[in-house]
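Heads up, the thing below is written out as structure tokens.
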Amino acid sequence: MELHDVWFVLIAVLWTGYFFLEGFDFGVGVLTKLLARDRPERRVLINTIGPVWDGNEVWLLSAGGATFAAFPEWYATLFSGFYLPLLLVLVCLIVRGVAFEYRAKRPEERWQRNWEHAIFWCSLLPAFLWGVAFANIVRGVKIDKEMEYAGSLLDLLNPYALLGGLVMLSLFTFHGAVFTALKTVGDIRIRARRLATVLGCATALLALAFLGWTQADQGDGTSLVAVCVALLALLAAVGANLRAREGWSFALSGVTVVALTATFFLLLFPNVMPSTLDPAWSLTVTNASSTPYTLEIMTWCAGIAAPLVVLYQSWTYWVFRKRIGTQHIADAPHGAGASDAAPLVESH
Amino acid sequence: MDLALAPETLARWQFGITTVYHFLFVPLTISLAALTAGLQTAWVRTGKEKYLQATKFWGKLFLINIAMGVVTGIVQEFQFGMNWSDYSRFVGDVFGAPLAFEALIAFFFESTFIGLWIFGWDRLPQKIHLACIWTVAVGTVLSSYFILAANSWMQHPVGYHLNEETGRAELNDFLAVLTQETTLVVVFHTLTAAFLAGGAFMAGISAYHLRRGKHVTAMRTSLRLGLVTLVAAGAFTAVSGDQLSKVMFEQQPMKMAAAEALWESEAPAPFSLFAYGDVEKGHNTVAVQIPRLLSVLANGDLSSEVPGINDVNAAEQEKFGPGDYRPNIPVAYWSFRWMIGFGMTSVTLGAAGLWLTRRKVWLASALRTEETEVPRLALTKHRALGPALSRWYWRLTVLTLGFPLIASSWGWIFTEMGRQPWVVYGVLRTRDAVSPGVSQAEVLISMSVFTLLYAILAVVEVRLLAKYVKAGPPEVTEADRRPPTRVGGPPGPRVGLGADPDADPNAESDDSNADSDDDADRPMAFSY
């Protein structure tokens with residue numbers, strides 16, 4: 001295994017971490033309209049991911065940075081080629097981050113409602129668009145011999161990719177519902193479980209169609225294993241959810257996300273962006289990679305930093321392991337938290 | 001009008017707008033993280049409530065600010081690939097590594113521990129909670145170090161070779177990239193300037209409250225911290241700026257000649273205070289100068305020669321082939337002056353403030369004030385500053401709180417535009433760096449979307465900051481005085497694999513810990 005293969009695996013790991021983690025916080029964002037009945041419930045949902053969403057998002061920045069450093073050609077082709085969808089993702093991530101931080105900082109109804117709309121749409125769209133993007137990457141796009149994307153925006157919105165987008169969106173929403181059941185108390189926990197069953201069944205149907213299509217189109221033995229793991233884990237997650245085994249259900253929906261991402265990367269290797277115009281023009285781990293020297297330095301960095309990140313992020317989840325419900329949300333009129341409520345009220 | 005149609009023009013505008021905007025939040029994030037951490041340390045060590053109030057107040061402003069810094073930073077990570085794909089292909093082997101280091105080491109630090117700090121008031125024991133904000137502060141500094149190493153490589157490429165076969169720059173000495181003089185001096189200059197910005201911000205807002213006689217105890221402490229930071233950082237910014245200009249005179253003589261509108265080489269060279277010239281003809285029509293000062297700035301002596309724009313241009317034409325190697329001279333000239341002017345104004349006001357509000361030992365008893373009183377501005381040991389001047393002092397300190405941010409924006413405009421027409425100095429031209437496959441329409445859409453979005457967010461952010469500035473520090477609550485003694489806060493229902501299968505809405509009362517403890521249902525100290 002050469003270093004560029006190691007980095008292919010590491011980038012797969014970073015994307016997997018990103019989809020596993022931000023997957024459920026995108027899902028929770030979508031649930032703010034699907035599950036929550038009123039503002040206190042929406043706030044419970046938002047606060048289940050409050051301390052962690054920012055750390056989850058850095059997995060994407062690391063995947064981006066690592067791709068730039070390890071496979072500059074991949075980075076250049078992908079982000080200049082998928083220009084407008086990526087622009088939309090970036091706008092969503094900007095607005096979503098600001099929405100979490102600013103929503104509760106003013107008491108006005110309109111202010112809070114606008115940011116809540118933003119949280120919903122800016123969670124839903126990226127979840128969908130990442131699915132579209134990965135389906136396209138795996139199936140291949142028009143790449144010319146200069147390694148430039150030669151297709152149009154409409155080429156990216158083909159039925160296969162759109163189905164991939166729906167699978168991703170639906171899976172993340174399910175993952176988020178299971179996470180909500182695990183992290184909350186009270187009525188919302190029960191309803192999250194109920195909704196998760198419905199979402200899980202819908203996801204199973206979509207995933208069956210998408211993964212079946214994928215496997216029939218370009219699958220091999222190893223991808224078949226990943227596809228089966230994904231589907232079985234999904235069904236098991238639904239089963240665990242039905243029996244109110246919330247921890248197991250979340251672990252299994254996580255396995256589904258991991259196996260789906262693994263399917264993508266197993267199908268890709270040794271390509272990183274296959275060309276549909278001419279297989280010789282595909283970007284591969286060899287022709288898109290950096291020099292062994294750069295990869296070696298990066299390997300040292302990742303080898304030390306990544307396990308530490310996993311450790312301290314896990315610790316964060318342990319610190320915030322308490323379930324929350326509407327009773328834990330301070331009912332300050334503007335919702336800026338109990339400790340800073342007093343002086344603000346005085347200032348009005 | 002050729003320039004308006006050049007493929008790189010729109011991409012450059014987008015990069016300029018998004019980067020300057022991003023960097024409005026960066027200096028305050030870097031400095032307020034450390035200053036807030038310092039205040040919280042004082043609270044933990046002394047238990048004086050004014051420190052907790054100040055921590056919460058500046059911490060809140062810091063959070064409003066860092067939220068914008070974080071989200072606008074996402075664009076920075078991806079726009080190299082979007083708009084500058086040929087740049088990315090050419091330099092990725094060298095430039096990508098510090099970016100990846102930044103993400104893997106610094107971004108994870110910042111984003112994870114900021115979450116712990118925001119939500120950790122009632123979940124973490126005091127000292128662990130304090131360690132979180134310090135970790136964030138260290139993360140911001142590490143982050144700036146890696147990205148500035150990457151930028152310094154664009155200013156002065158080292159530790160690489162050009163591979164003829166692959167047609168790209170390839171790294172052969174990463175340590176050289178991280179430790180070259182340009183990197184170290186730029187990091188020094190940028191970090192000190194960041195603290196200058198934080199100091200001016202803190203002093204300005206403290207002055208706002210003190211002028212009105214509100215929140216005096218916490219704001220008096222904050223004023224002093226702000227002024228000391230401002231003046232100390234200001235002095236180091238000047239020192240590092242001088243070092244940086246000497247490095248730049250050596251490495252990018254064109255940039256520095258443009259900064260001075262020095263058309264012909266001169267020995268000794270004068271420093272220009274004002275110039276108006278003709279770029280086409282290559283000379284100034286009006287010039288107000290201080291003799292010999294430029295020789296001092298460039299080489300540290302009174303007589304040495306400083307190369308002029310026309311001579312450097314001729315030398316570069318000989319080296320790199322025919323072409324115009326001059327940056328936009330008026331922009332370079334004026335941005336350099338605005339940078340120094342806005343920065344120095346703040347430092348001067350800070351120094352004046354530090355003297356006017358000095359400690360008791362240097363004041364006659366009539367002029368001394370208690371901790372709960374607004375400090376009286378004292379000119380000499382026995383004489384107070386007049387009421388009109390005092391009012392003006394407070395007012396100016398408030399009005400200039402953003403000056404260092406203007407200065408650092410101009411500094412970046414200077415350093416990036418002064419490097420043109422190169423994106424990597426002497427190696428890759430900006431016009432060869434754009435994405436060939438991206439249409440002008442796409443770049444136009446993207447630039448318009450970001451500009452519009454950023455403009456809206458600027459209004460939202462500034463109004464929110466103003467609201468929290470005016471509200472002042474919060475009162476200390478009972479919960480603040482009783483920080484948790486164990487990680488995770490008081491007992492209550494928790495997440496686990498073996499959740500009760502028959503859980504119903506009231507099931508949590510079955511939890512063995514919960515029924516004996518009223519704290520289980522206590523609202524979170526902070527919630528979104």
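Following the order of the structure tokens, first chain is A, next is B, and so on, with residues numbered from 1 inside each chain and ligands from 1 in the order they appear.
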Per residue of chain B within 6 Å of chain A, record the nearest atom pair and its distance in Å to one decimal, counting only C-alpha atoms, with rows in chain order and ascending residue number, as a tab-separated table.
residue	atom	partner	partner_atom	distance
B:Val71	CA	A:Ile94	CA	4.8
B:Gly81	CA	A:Ala76	CA	4.5
B:Met82	CA	A:Ser80	CA	4.0
B:Ser85	CA	A:Ala76	CA	4.6
B:Ser88	CA	A:Ala76	CA	5.9
B:Arg89	CA	A:Pro72	CA	5.3
B:Gly92	CA	A:Pro72	CA	4.9
B:Asp93	CA	A:Ser290	CA	5.1
B:Gly96	CA	A:Ala69	CA	3.7
B:Ala97	CA	A:Ala69	CA	4.9
B:Leu99	CA	A:Gly65	CA	5.6
B:Ala100	CA	A:Gly65	CA	4.3
B:Ala103	CA	A:Ser62	CA	5.0
B:Leu104	CA	A:Ser62	CA	5.9
B:Ser111	CA	A:Gly55	CA	4.8
B:Thr112	CA	A:Gly55	CA	4.6
B:Gly115	CA	A:Pro51	CA	4.3
B:Ala471	CA	A:Leu344	CA	5.6
B:Pro474	CA	A:Asp340	CA	5.3
B:Gly488	CA	A:Val319	CA	4.6
B:Pro493	CA	A:Arg323	CA	5.8
B:Arg494	CA	A:Lys322	CA	4.3
B:Val495	CA	A:Arg321	CA	5.5
B:Gly496	CA	A:Gly247	CA	5.7
B:Leu497	CA	A:Gly247	CA	3.8
B:Ala499	CA	A:Arg245	CA	5.9
B:Pro501	CA	A:Ala244	CA	4.7
B:Pro505	CA	A:Gly186	CA	4.3
B:Asp521	CA	A:His328	CA	6.0
B:Arg522	CA	A:His328	CA	5.9
B:Pro523	CA	A:His328	CA	3.7
B:Met524	CA	A:His328	CA	5.5
B:Phe526	CA	A:Gly337	CA	4.8
B:Ser527	CA	A:Gly337	CA	5.6
B:Tyr528	CA	A:Ala104	CA	5.6
Write the residues of the selection above to a file with C-alpha atoms, as a PDB file, in the first residue's frame.
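Dumped everything to again_21.pdb:
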ATOM      1  CA  VAL B  71     -18.591  30.528   8.736  1.00  0.00           C
ATOM      2  CA  GLY B  81     -10.572  25.000  -5.861  1.00  0.00           C
ATOM      3  CA  MET B  82     -13.615  26.818  -7.205  1.00  0.00           C
ATOM      4  CA  SER B  85      -8.179  25.575  -9.928  1.00  0.00           C
ATOM      5  CA  SER B  88      -4.546  24.685  -6.837  1.00  0.00           C
ATOM      6  CA  ARG B  89      -3.091  22.227  -9.344  1.00  0.00           C
ATOM      7  CA  GLY B  92      -1.314  22.064  -4.092  1.00  0.00           C
ATOM      8  CA  ASP B  93       1.729  19.952  -3.246  1.00  0.00           C
ATOM      9  CA  GLY B  96      -2.209  22.317   0.611  1.00  0.00           C
ATOM     10  CA  ALA B  97      -0.145  20.945   3.480  1.00  0.00           C
ATOM     11  CA  LEU B  99      -4.045  24.253   5.023  1.00  0.00           C
ATOM     12  CA  ALA B 100      -4.600  20.640   5.997  1.00  0.00           C
ATOM     13  CA  ALA B 103      -7.839  22.103   9.687  1.00  0.00           C
ATOM     14  CA  LEU B 104      -6.582  18.978  11.444  1.00  0.00           C
ATOM     15  CA  SER B 111     -14.581  24.366  17.149  1.00  0.00           C
ATOM     16  CA  THR B 112     -14.713  21.521  19.656  1.00  0.00           C
ATOM     17  CA  GLY B 115     -18.726  24.276  22.079  1.00  0.00           C
ATOM     18  CA  ALA B 471     -26.775  45.849  27.552  1.00  0.00           C
ATOM     19  CA  PRO B 474     -24.756  40.490  33.163  1.00  0.00           C
ATOM     20  CA  GLY B 488     -21.280  16.410  33.086  1.00  0.00           C
ATOM     21  CA  PRO B 493     -31.242  10.801  32.815  1.00  0.00           C
ATOM     22  CA  ARG B 494     -28.367  10.099  30.489  1.00  0.00           C
ATOM     23  CA  VAL B 495     -27.665   8.655  27.124  1.00  0.00           C
ATOM     24  CA  GLY B 496     -26.779   4.971  27.042  1.00  0.00           C
ATOM     25  CA  LEU B 497     -27.051   1.824  24.970  1.00  0.00           C
ATOM     26  CA  ALA B 499     -32.208   2.656  27.435  1.00  0.00           C
ATOM     27  CA  PRO B 501     -37.346  -0.334  26.326  1.00  0.00           C
ATOM     28  CA  PRO B 505     -42.776  10.310  29.078  1.00  0.00           C
ATOM     29  CA  ASP B 521     -34.633  19.402  35.830  1.00  0.00           C
ATOM     30  CA  ARG B 522     -32.657  22.594  36.287  1.00  0.00           C
ATOM     31  CA  PRO B 523     -32.521  24.582  33.050  1.00  0.00           C
ATOM     32  CA  MET B 524     -29.210  24.637  31.251  1.00  0.00           C
ATOM     33  CA  PHE B 526     -26.846  28.340  28.402  1.00  0.00           C
ATOM     34  CA  SER B 527     -29.063  27.185  25.593  1.00  0.00           C
ATOM     35  CA  TYR B 528     -29.403  28.211  21.976  1.00  0.00           C
TER      36      TYR B 528
END
Show which residues sit within 10 Å of Asp155 in chain A, as a ChimeraX atom specification. Count only C-alpha atoms, and ignore same-chain residues fewer than 3 positions away.
/A:136,141-142,150-152,158-159,161
Could you write those residues out with N, CA and C atoms, as a short mmCIF file (atom, residue, chain, number, x, y, z; two decimals), in the first residue's frame?
data_model
loop_
_atom_site.label_atom_id
_atom_site.label_comp_id
_atom_site.auth_asym_id
_atom_site.auth_seq_id
_atom_site.Cartn_x
_atom_site.Cartn_y
_atom_site.Cartn_z
N ASN A 136 -22.72 11.46 -8.30
CA ASN A 136 -22.06 11.86 -9.54
C ASN A 136 -20.59 11.45 -9.57
N VAL A 141 -18.23 11.64 -14.19
CA VAL A 141 -18.76 12.81 -14.89
C VAL A 141 -17.87 13.08 -16.09
N LYS A 142 -18.29 14.04 -16.91
CA LYS A 142 -17.52 14.37 -18.11
C LYS A 142 -16.24 15.11 -17.72
N ALA A 150 -16.14 18.97 -17.99
CA ALA A 150 -16.61 19.48 -19.28
C ALA A 150 -18.13 19.42 -19.40
N GLY A 151 -18.81 19.01 -18.35
CA GLY A 151 -20.26 18.92 -18.41
C GLY A 151 -20.92 20.23 -17.99
N SER A 152 -22.24 20.18 -17.85
CA SER A 152 -22.96 21.38 -17.42
C SER A 152 -23.61 21.09 -16.07
N ASN A 158 -28.85 14.45 -12.87
CA ASN A 158 -29.43 13.28 -13.53
C ASN A 158 -30.22 12.45 -12.52
N PRO A 159 -31.11 11.57 -13.00
CA PRO A 159 -31.98 10.81 -12.08
C PRO A 159 -31.20 10.01 -11.03
N ALA A 161 -28.27 10.61 -9.72
CA ALA A 161 -27.72 11.49 -8.70
C ALA A 161 -28.82 12.05 -7.80
#
Neighbouring residues of Phe269 in chain A were defined as those with any atom within 12 Å, considering only C-alpha atoms; residues of the same chain fewer than 3 positions away were excluded. Please report them as a PyMOL selection string.
chain A and resi 4-9+11-12+137-138+219-220+222-223+262-266+272-274+282-286
Selection file, N, CA, C and O atoms, as a CSV table (one decimal), in the first residue's frame:
chain,number,residue,atom,x,y,z
A,4,HIS,N,-0.2,7.2,-1.4
A,4,HIS,CA,-1.4,7.8,-1.9
A,4,HIS,C,-2.6,7.0,-1.7
A,4,HIS,O,-3.7,7.5,-1.6
A,5,ASP,N,-2.4,5.6,-1.5
A,5,ASP,CA,-3.5,4.8,-1.2
A,5,ASP,C,-3.9,5.0,0.3
A,5,ASP,O,-5.1,5.1,0.6
A,6,VAL,N,-2.9,5.2,1.1
A,6,VAL,CA,-3.2,5.6,2.5
A,6,VAL,C,-4.1,6.8,2.6
A,6,VAL,O,-5.1,6.9,3.3
A,7,TRP,N,-3.7,7.8,1.8
A,7,TRP,CA,-4.4,9.1,1.8
A,7,TRP,C,-5.8,9.0,1.2
A,7,TRP,O,-6.7,9.7,1.6
A,8,PHE,N,-6.0,8.1,0.3
A,8,PHE,CA,-7.3,7.8,-0.2
A,8,PHE,C,-8.2,7.3,0.9
A,8,PHE,O,-9.3,7.7,1.1
A,9,VAL,N,-7.6,6.4,1.7
A,9,VAL,CA,-8.4,5.8,2.8
A,9,VAL,C,-8.6,6.9,3.9
A,9,VAL,O,-9.8,7.0,4.4
A,11,ILE,N,-8.9,10.1,3.5
A,11,ILE,CA,-9.9,11.1,3.0
A,11,ILE,C,-11.3,10.4,3.1
A,11,ILE,O,-12.3,11.0,3.5
A,12,ALA,N,-11.3,9.1,2.8
A,12,ALA,CA,-12.6,8.4,3.0
A,12,ALA,C,-13.0,8.4,4.4
A,12,ALA,O,-14.2,8.6,4.8
A,137,ILE,N,-19.9,11.7,-8.4
A,137,ILE,CA,-18.5,11.3,-8.4
A,137,ILE,C,-18.3,9.8,-8.7
A,137,ILE,O,-17.5,9.4,-9.5
A,138,VAL,N,-19.1,9.0,-8.0
A,138,VAL,CA,-19.0,7.6,-8.1
A,138,VAL,C,-19.3,7.1,-9.5
A,138,VAL,O,-18.6,6.3,-10.1
A,219,GLY,N,-21.1,-2.4,-9.6
A,219,GLY,CA,-20.7,-3.1,-8.4
A,219,GLY,C,-19.7,-4.3,-8.6
A,219,GLY,O,-19.6,-4.8,-9.7
A,220,ASP,N,-19.0,-4.6,-7.5
A,220,ASP,CA,-18.2,-5.8,-7.5
A,220,ASP,C,-18.4,-6.5,-6.2
A,220,ASP,O,-19.3,-6.2,-5.4
A,222,THR,N,-16.6,-6.7,-3.3
A,222,THR,CA,-16.4,-5.9,-2.1
A,222,THR,C,-17.5,-4.9,-1.9
A,222,THR,O,-18.0,-4.7,-0.8
A,223,SER,N,-17.9,-4.3,-3.0
A,223,SER,CA,-19.0,-3.3,-2.8
A,223,SER,C,-20.3,-4.0,-2.4
A,223,SER,O,-21.1,-3.4,-1.7
A,262,ALA,N,-18.6,4.0,2.7
A,262,ALA,CA,-17.6,3.0,2.3
A,262,ALA,C,-17.9,2.5,0.9
A,262,ALA,O,-17.0,2.3,0.1
A,263,THR,N,-19.2,2.3,0.6
A,263,THR,CA,-19.6,1.8,-0.7
A,263,THR,C,-19.1,2.8,-1.8
A,263,THR,O,-18.5,2.4,-2.8
A,264,PHE,N,-19.3,4.1,-1.6
A,264,PHE,CA,-18.8,5.1,-2.5
A,264,PHE,C,-17.3,4.9,-2.8
A,264,PHE,O,-16.9,4.9,-3.9
A,265,PHE,N,-16.6,4.9,-1.7
A,265,PHE,CA,-15.1,4.9,-1.9
A,265,PHE,C,-14.6,3.6,-2.4
A,265,PHE,O,-13.6,3.6,-3.1
A,266,LEU,N,-15.2,2.5,-2.0
A,266,LEU,CA,-14.8,1.2,-2.6
A,266,LEU,C,-15.0,1.2,-4.1
A,266,LEU,O,-14.2,0.7,-4.9
A,272,VAL,N,-10.3,8.6,-8.4
A,272,VAL,CA,-10.9,9.5,-7.4
A,272,VAL,C,-12.0,10.3,-8.1
A,272,VAL,O,-13.0,10.6,-7.4
A,273,MET,N,-11.9,10.5,-9.4
A,273,MET,CA,-13.0,11.0,-10.2
A,273,MET,C,-13.0,10.4,-11.6
A,273,MET,O,-12.2,10.9,-12.4
A,274,PRO,N,-13.8,9.4,-11.8
A,274,PRO,CA,-13.8,8.7,-13.1
A,274,PRO,C,-14.3,9.6,-14.2
A,274,PRO,O,-15.3,10.4,-13.9
A,282,SER,N,-9.6,9.7,-16.5
A,282,SER,CA,-10.0,9.7,-15.2
A,282,SER,C,-8.9,10.2,-14.2
A,282,SER,O,-7.7,10.0,-14.5
A,283,LEU,N,-9.4,10.8,-13.2
A,283,LEU,CA,-8.4,11.2,-12.1
A,283,LEU,C,-8.2,10.0,-11.2
A,283,LEU,O,-9.2,9.4,-10.8
A,284,THR,N,-7.0,9.6,-10.9
A,284,THR,CA,-6.8,8.4,-10.1
A,284,THR,C,-5.9,8.8,-8.9
A,284,THR,O,-5.4,9.9,-8.8
A,285,VAL,N,-5.8,7.8,-8.0
A,285,VAL,CA,-4.9,8.1,-6.8
A,285,VAL,C,-3.5,8.4,-7.3
A,285,VAL,O,-2.8,9.1,-6.5
A,286,THR,N,-3.1,7.9,-8.4
A,286,THR,CA,-1.7,8.1,-8.9
A,286,THR,C,-1.6,9.5,-9.6
A,286,THR,O,-0.7,10.3,-9.2
Taking the DSSP assignment computed from this structure's backbone, write out as a ChimeraX atom specification all residues of range 136-346 of chain A that belong to alpha helix (DSSP H).
/A:136-139,153-156,159-183,187-218,221-242,246-268,292-319,341-346
Please list as a list in words every residue within 7 Å of range 344-352 of chain B, counting only C-alpha atoms and excluding residues in the same chain fewer than 4 positions away.
Ala200, Leu227, Leu230, Val231, Gly234, Ile340, Leu356, Thr397, Thr400, Phe403 and Pro404 of chain B
